[in-house]
>>> print(open('input.cif').read())   # mmCIF, C-alpha atoms
data_query
#
loop_
_atom_site.label_atom_id
_atom_site.label_comp_id
_atom_site.auth_asym_id
_atom_site.auth_seq_id
_atom_site.Cartn_x
_atom_site.Cartn_y
_atom_site.Cartn_z
CA MET O 1 1.86 -71.11 54.01
CA GLU O 2 2.97 -74.20 55.87
CA GLU O 3 4.57 -77.17 54.15
CA TYR O 4 3.10 -80.66 54.26
CA LEU O 5 3.22 -84.02 52.48
CA VAL O 6 0.77 -85.27 49.84
CA PRO O 7 0.71 -88.35 47.59
CA THR O 8 2.72 -87.72 44.43
CA ARG O 9 0.28 -89.60 42.21
CA PHE O 10 -2.29 -92.38 42.19
CA GLY O 11 -0.81 -95.54 43.69
CA GLU O 12 -2.00 -99.14 43.61
CA ALA O 13 -0.63 -102.41 45.00
CA GLU O 14 -2.04 -105.71 46.20
CA PHE O 15 -1.22 -108.84 48.15
CA VAL O 16 -2.82 -112.09 49.23
CA GLU O 17 -3.18 -113.07 52.90
CA LYS O 18 -4.55 -116.56 53.62
CA ARG O 19 -6.26 -116.59 50.21
CA SER O 20 -7.94 -113.21 50.79
CA ARG O 21 -6.97 -110.68 48.12
CA PHE O 22 -6.32 -107.13 49.32
CA ILE O 23 -6.00 -104.24 46.84
CA GLY O 24 -4.75 -100.92 48.22
CA ARG O 25 -5.27 -97.70 46.29
CA ILE O 26 -4.43 -94.11 47.14
CA TRP O 27 -5.09 -90.73 45.50
CA PRO O 28 -4.20 -87.09 46.12
CA VAL O 29 -7.40 -85.05 46.61
CA GLU O 30 -8.27 -81.50 47.61
CA THR O 31 -11.76 -81.86 49.13
CA GLU O 32 -14.03 -84.30 50.91
CA ALA O 33 -16.28 -84.38 47.85
CA GLU O 34 -13.36 -85.47 45.68
CA ALA O 35 -12.40 -88.13 48.22
CA GLN O 36 -15.96 -89.46 48.26
CA GLU O 37 -15.96 -89.63 44.46
CA LYS O 38 -12.93 -91.93 44.54
CA ILE O 39 -14.57 -94.12 47.21
CA ASP O 40 -17.84 -94.37 45.26
CA ALA O 41 -15.95 -95.25 42.08
CA MET O 42 -14.21 -98.14 43.84
CA ARG O 43 -17.50 -99.37 45.28
CA LYS O 44 -18.95 -99.48 41.76
CA ARG O 45 -15.86 -101.04 40.21
CA HIS O 46 -15.58 -103.69 42.93
CA TYR O 47 -19.28 -104.21 43.60
CA ASP O 48 -18.55 -107.93 44.01
CA ALA O 49 -15.86 -107.45 46.67
CA THR O 50 -16.47 -108.51 50.25
CA HIS O 51 -15.39 -105.10 51.61
CA ASN O 52 -14.28 -101.72 50.30
CA CYS O 53 -12.80 -100.04 53.37
CA TRP O 54 -11.58 -96.46 53.19
CA ALA O 55 -9.98 -93.54 54.97
CA TYR O 56 -9.18 -89.96 54.10
CA ILE O 57 -7.48 -86.94 55.65
CA ILE O 58 -8.19 -83.45 54.32
CA ARG O 59 -5.89 -80.67 55.50
CA ASP O 60 -7.83 -78.14 57.60
CA GLY O 61 -10.81 -80.46 57.13
CA ALA O 62 -12.12 -83.86 58.07
CA VAL O 63 -10.53 -87.16 59.01
CA ARG O 64 -12.99 -89.93 58.17
CA PHE O 65 -12.92 -93.70 57.70
CA SER O 66 -15.11 -96.77 57.29
CA ASP O 67 -14.73 -100.45 58.16
CA ASP O 68 -17.40 -101.32 55.55
CA GLY O 69 -18.66 -104.34 57.45
CA GLU O 70 -15.38 -105.57 58.91
CA PRO O 71 -15.28 -105.81 62.74
CA GLY O 72 -15.11 -102.33 64.26
CA GLY O 73 -11.63 -100.83 64.44
CA THR O 74 -9.96 -103.45 62.21
CA ALA O 75 -9.86 -101.61 58.87
CA GLY O 76 -10.58 -97.88 58.59
CA MET O 77 -8.74 -96.78 61.72
CA PRO O 78 -5.56 -98.77 60.95
CA MET O 79 -5.60 -97.17 57.51
CA VAL O 80 -5.93 -93.67 59.01
CA GLN O 81 -3.05 -94.42 61.35
CA VAL O 82 -0.82 -95.40 58.42
CA LEU O 83 -1.65 -92.15 56.61
CA GLN O 84 -0.92 -90.18 59.78
CA ARG O 85 2.39 -91.95 60.38
CA GLU O 86 3.37 -91.18 56.79
CA GLY O 87 2.54 -87.51 57.45
CA LEU O 88 0.09 -87.29 54.53
CA TYR O 89 -2.72 -84.80 54.00
CA ASN O 90 -5.24 -84.33 51.18
CA VAL O 91 -5.25 -88.07 50.68
CA VAL O 92 -7.84 -90.82 50.29
CA CYS O 93 -7.14 -94.55 50.52
CA VAL O 94 -9.40 -97.49 49.65
CA VAL O 95 -8.47 -101.08 50.47
CA THR O 96 -10.65 -103.65 48.72
CA ARG O 97 -10.90 -107.20 50.06
CA TYR O 98 -12.03 -110.36 48.32
CA PHE O 99 -12.57 -112.92 51.07
CA GLY O 100 -10.62 -116.13 50.55
CA GLY O 101 -12.47 -118.39 52.97
CA THR O 102 -10.15 -118.17 55.97
CA LEU O 103 -10.88 -115.83 58.89
CA LEU O 104 -7.94 -113.60 59.79
CA GLY O 105 -9.04 -112.56 63.27
CA VAL O 106 -8.93 -109.04 64.68
CA GLY O 107 -5.14 -108.81 64.72
CA GLY O 108 -4.81 -110.27 61.25
CA LEU O 109 -7.36 -107.89 59.79
CA THR O 110 -5.73 -104.88 61.43
CA ARG O 111 -2.33 -105.83 60.02
CA ALA O 112 -3.76 -106.59 56.58
CA TYR O 113 -5.58 -103.28 56.16
CA ALA O 114 -2.59 -101.35 57.51
CA LYS O 115 -0.40 -103.19 54.98
CA GLY O 116 -2.86 -102.42 52.19
CA ALA O 117 -2.63 -98.71 52.98
CA LYS O 118 1.16 -98.77 53.36
CA ILE O 119 1.88 -100.48 50.04
CA ALA O 120 -0.46 -98.02 48.32
CA VAL O 121 1.47 -95.10 49.88
CA ASP O 122 4.74 -96.64 48.71
CA ALA O 123 3.35 -97.07 45.19
CA ALA O 124 2.16 -93.46 45.03
CA GLY O 125 5.25 -91.83 46.51
CA LYS O 126 5.22 -88.68 48.62
CA SER O 127 5.64 -85.03 47.65
CA ARG O 128 6.25 -82.01 49.84
CA LYS O 129 3.97 -79.05 49.20
CA ARG O 130 5.60 -75.77 50.19
CA VAL O 131 6.43 -72.26 49.04
CA TRP O 132 9.28 -72.37 46.53
CA ALA O 133 11.43 -69.50 45.33
CA ALA O 134 11.99 -69.51 41.58
CA LEU O 135 15.56 -68.51 40.68
CA TYR O 136 17.30 -67.64 37.44
CA VAL O 137 21.04 -68.35 37.41
CA PRO O 138 23.20 -67.78 34.29
CA CYS O 139 25.94 -70.35 34.71
CA PRO O 140 29.22 -70.72 32.79
CA TYR O 141 29.80 -74.31 31.65
CA ALA O 142 32.78 -74.59 34.00
CA TYR O 143 30.47 -74.31 37.02
CA TYR O 144 27.48 -76.27 35.72
CA GLU O 145 28.16 -79.63 37.42
CA ARG O 146 29.10 -77.97 40.71
CA LEU O 147 25.91 -75.91 40.77
CA LYS O 148 23.80 -78.97 40.00
CA LEU O 149 25.24 -80.60 43.12
CA LEU O 150 24.66 -77.41 45.10
CA ILE O 151 21.00 -77.36 44.15
CA GLY O 152 20.60 -80.83 45.68
CA GLU O 153 22.48 -79.77 48.81
CA PHE O 154 19.91 -77.01 49.31
CA ASP O 155 16.94 -79.36 48.70
CA GLY O 156 16.19 -77.62 45.42
CA VAL O 157 14.91 -78.71 42.01
CA LEU O 158 16.55 -77.93 38.67
CA ARG O 159 13.44 -77.28 36.64
CA ASP O 160 15.10 -76.43 33.34
CA ALA O 161 18.50 -75.78 31.79
CA GLN O 162 18.92 -73.90 28.50
CA PHE O 163 22.29 -74.43 26.81
CA GLY O 164 23.67 -71.51 24.82
CA ALA O 165 26.71 -69.34 25.29
CA GLU O 166 26.26 -70.36 28.94
CA VAL O 167 23.72 -72.47 30.80
CA ASP O 168 20.62 -70.62 31.93
CA LEU O 169 19.32 -72.44 35.02
CA ASP O 170 15.69 -72.33 36.13
CA ILE O 171 15.75 -73.45 39.76
CA LEU O 172 13.16 -73.95 42.50
CA LEU O 173 14.37 -73.78 46.10
CA PRO O 174 12.58 -73.81 49.45
CA GLN O 175 11.87 -70.13 50.07
CA ALA O 176 13.92 -70.07 53.26
CA GLN O 177 16.98 -71.42 51.40
CA ALA O 178 17.04 -68.99 48.48
CA ALA O 179 19.20 -66.21 49.93
CA ALA O 180 21.79 -68.65 51.33
CA PHE O 181 21.93 -70.49 48.00
CA LEU O 182 22.57 -67.31 46.00
CA LYS O 183 25.30 -66.30 48.45
CA LYS O 184 26.92 -69.73 48.10
CA VAL O 185 26.80 -69.44 44.29
CA ALA O 186 28.58 -66.10 44.50
CA ASP O 187 31.20 -67.57 46.86
CA ILE O 188 31.87 -70.61 44.67
CA THR O 189 32.23 -68.54 41.50
CA ALA O 190 34.19 -65.71 43.14
CA GLY O 191 31.37 -63.33 42.34
CA THR O 192 31.34 -64.05 38.60
CA VAL O 193 27.85 -65.63 38.69
CA GLU O 194 24.93 -63.64 40.05
CA GLY O 195 21.51 -65.25 40.23
CA MET O 196 18.17 -63.61 40.91
CA GLU O 197 14.84 -64.56 42.45
CA THR O 198 12.03 -64.28 39.90
CA GLY O 199 8.99 -65.20 41.97
CA LEU O 200 7.31 -67.57 44.42
CA GLU O 201 5.31 -70.73 43.73
CA TYR O 202 3.20 -72.89 46.05
CA ARG O 203 3.42 -76.45 44.76
CA ALA O 204 4.49 -80.01 45.50
CA PHE O 205 7.58 -81.91 44.43
CA PRO O 206 8.57 -85.53 45.20
CA VAL O 207 10.73 -86.12 48.27
#
>>> encode(input="input.cif", output="structure tokens")
Amino acid sequence: MEEYLVPTRFGEAEFVEKRSRFIGRIWPVETEAEAQEKIDAMRKRHYDATHNCWAYIIRDGAVRFSDDGEPGGTAGMPMVQVLQREGLYNVVCVVTRYFGGTLLGVGGLTRAYAKGAKIAVDAAGKSRKRVWAALYVPCPYAYYERLKLLIGEFDGVLRDAQFGAEVDLDILLPQAQAAAFLKKVADITAGTVEGMETGLEYRAFPV
């Protein structure tokens, strides 16, 4: 399974440009139907808005967008381009506009909708979905801080630590890094600590 980026969570942010209010929202989704549900919900919630423009990208599926009445190419496509530059999949973004009375022009609209998408991405955060190896490592207290640093060096996640006679570490590492990590643990501890791989998981964690 290949790795890719998804939004970590729902994200929302807004700004005002020449008295027009722009609200950017983004969600992680798995299907086109789920993306359309989010879009429809925003249309109902902001029925009084001037425009509810949207874009979504489904991995191994569709890339779709709408200008929702804005001049062609000034809203949906700039939003898609932001999502693509951010490397996101399984994502839907809606940017709602309340017109403030001043025309922004083609360039101004393009920048505004791109900004609406970007601030929503920043609010949501990004997670990398990949195959992770789950590891169990029984760690003496003397090595605990060093192994915590090592987990970060190998782009891993310390999922849990149980403190008893020693520290039992529950670790997730990118699958390709697991063997090298366990070898490094053995090197650091002069062979006194021996971890083991307990399984594989396909999931996302923040980057």
>>> residues_around(input="input.cif", residues="O:Leu88", least_positions_apart="6", cutoff="9 Å", atoms="all atoms listed in the file", output="ChimeraX atom specification")
/O:4-7,57,59,126
>>> closest_residue(input="input.cif", among="O:Ala133, O:Val157, O:Leu200, O:Cys139", to="O:Val185", atoms="all atoms listed in the file")
O:Cys139
>>> atom_distance(input="input.cif", atom1="atom CA of O:Val91", atom2="atom CA of O:Ala35")
7.6 Å
>>> closest_residue(input="input.cif", among="O:Pro140, O:Val92, O:Lys44, O:Lys18", to="O:Phe163", atoms="all atoms listed in the file")
O:Pro140
>>> resolve_selection(input="input.cif", expression="the PyMOL selection byres ((chain O and resi 70) around 12)", output="ChimeraX atom specification")
/O:50-54,66-69,71-77,95-97,99,103-106,108-110,112-113
>>> resolve_selection(input="input.cif", expression="the PyMOL selection byres ((chain O and resi 26) around 10)", output="count of residues only")
31
>>> closest_residue(input="input.cif", among="O:Arg159, O:Lys148, O:Lys129, O:Arg64", to="O:Pro174", atoms="only C-alpha atoms")
O:Lys129
>>> closest_residue(input="input.cif", among="O:Arg19, O:Arg45, O:Lys115, O:Arg85", to="O:Gly101", atoms="all atoms listed in the file")
O:Arg19
>>> atom_distance(input="input.cif", atom1="atom CA of O:Ala186", atom2="atom CA of O:Glu166")
16.3 Å
>>> closest_residue(input="input.cif", among="O:Ala161, O:Ala134, O:Ala142, O:Ile58", to="O:Ala179", atoms="all atoms listed in the file")
O:Ala134
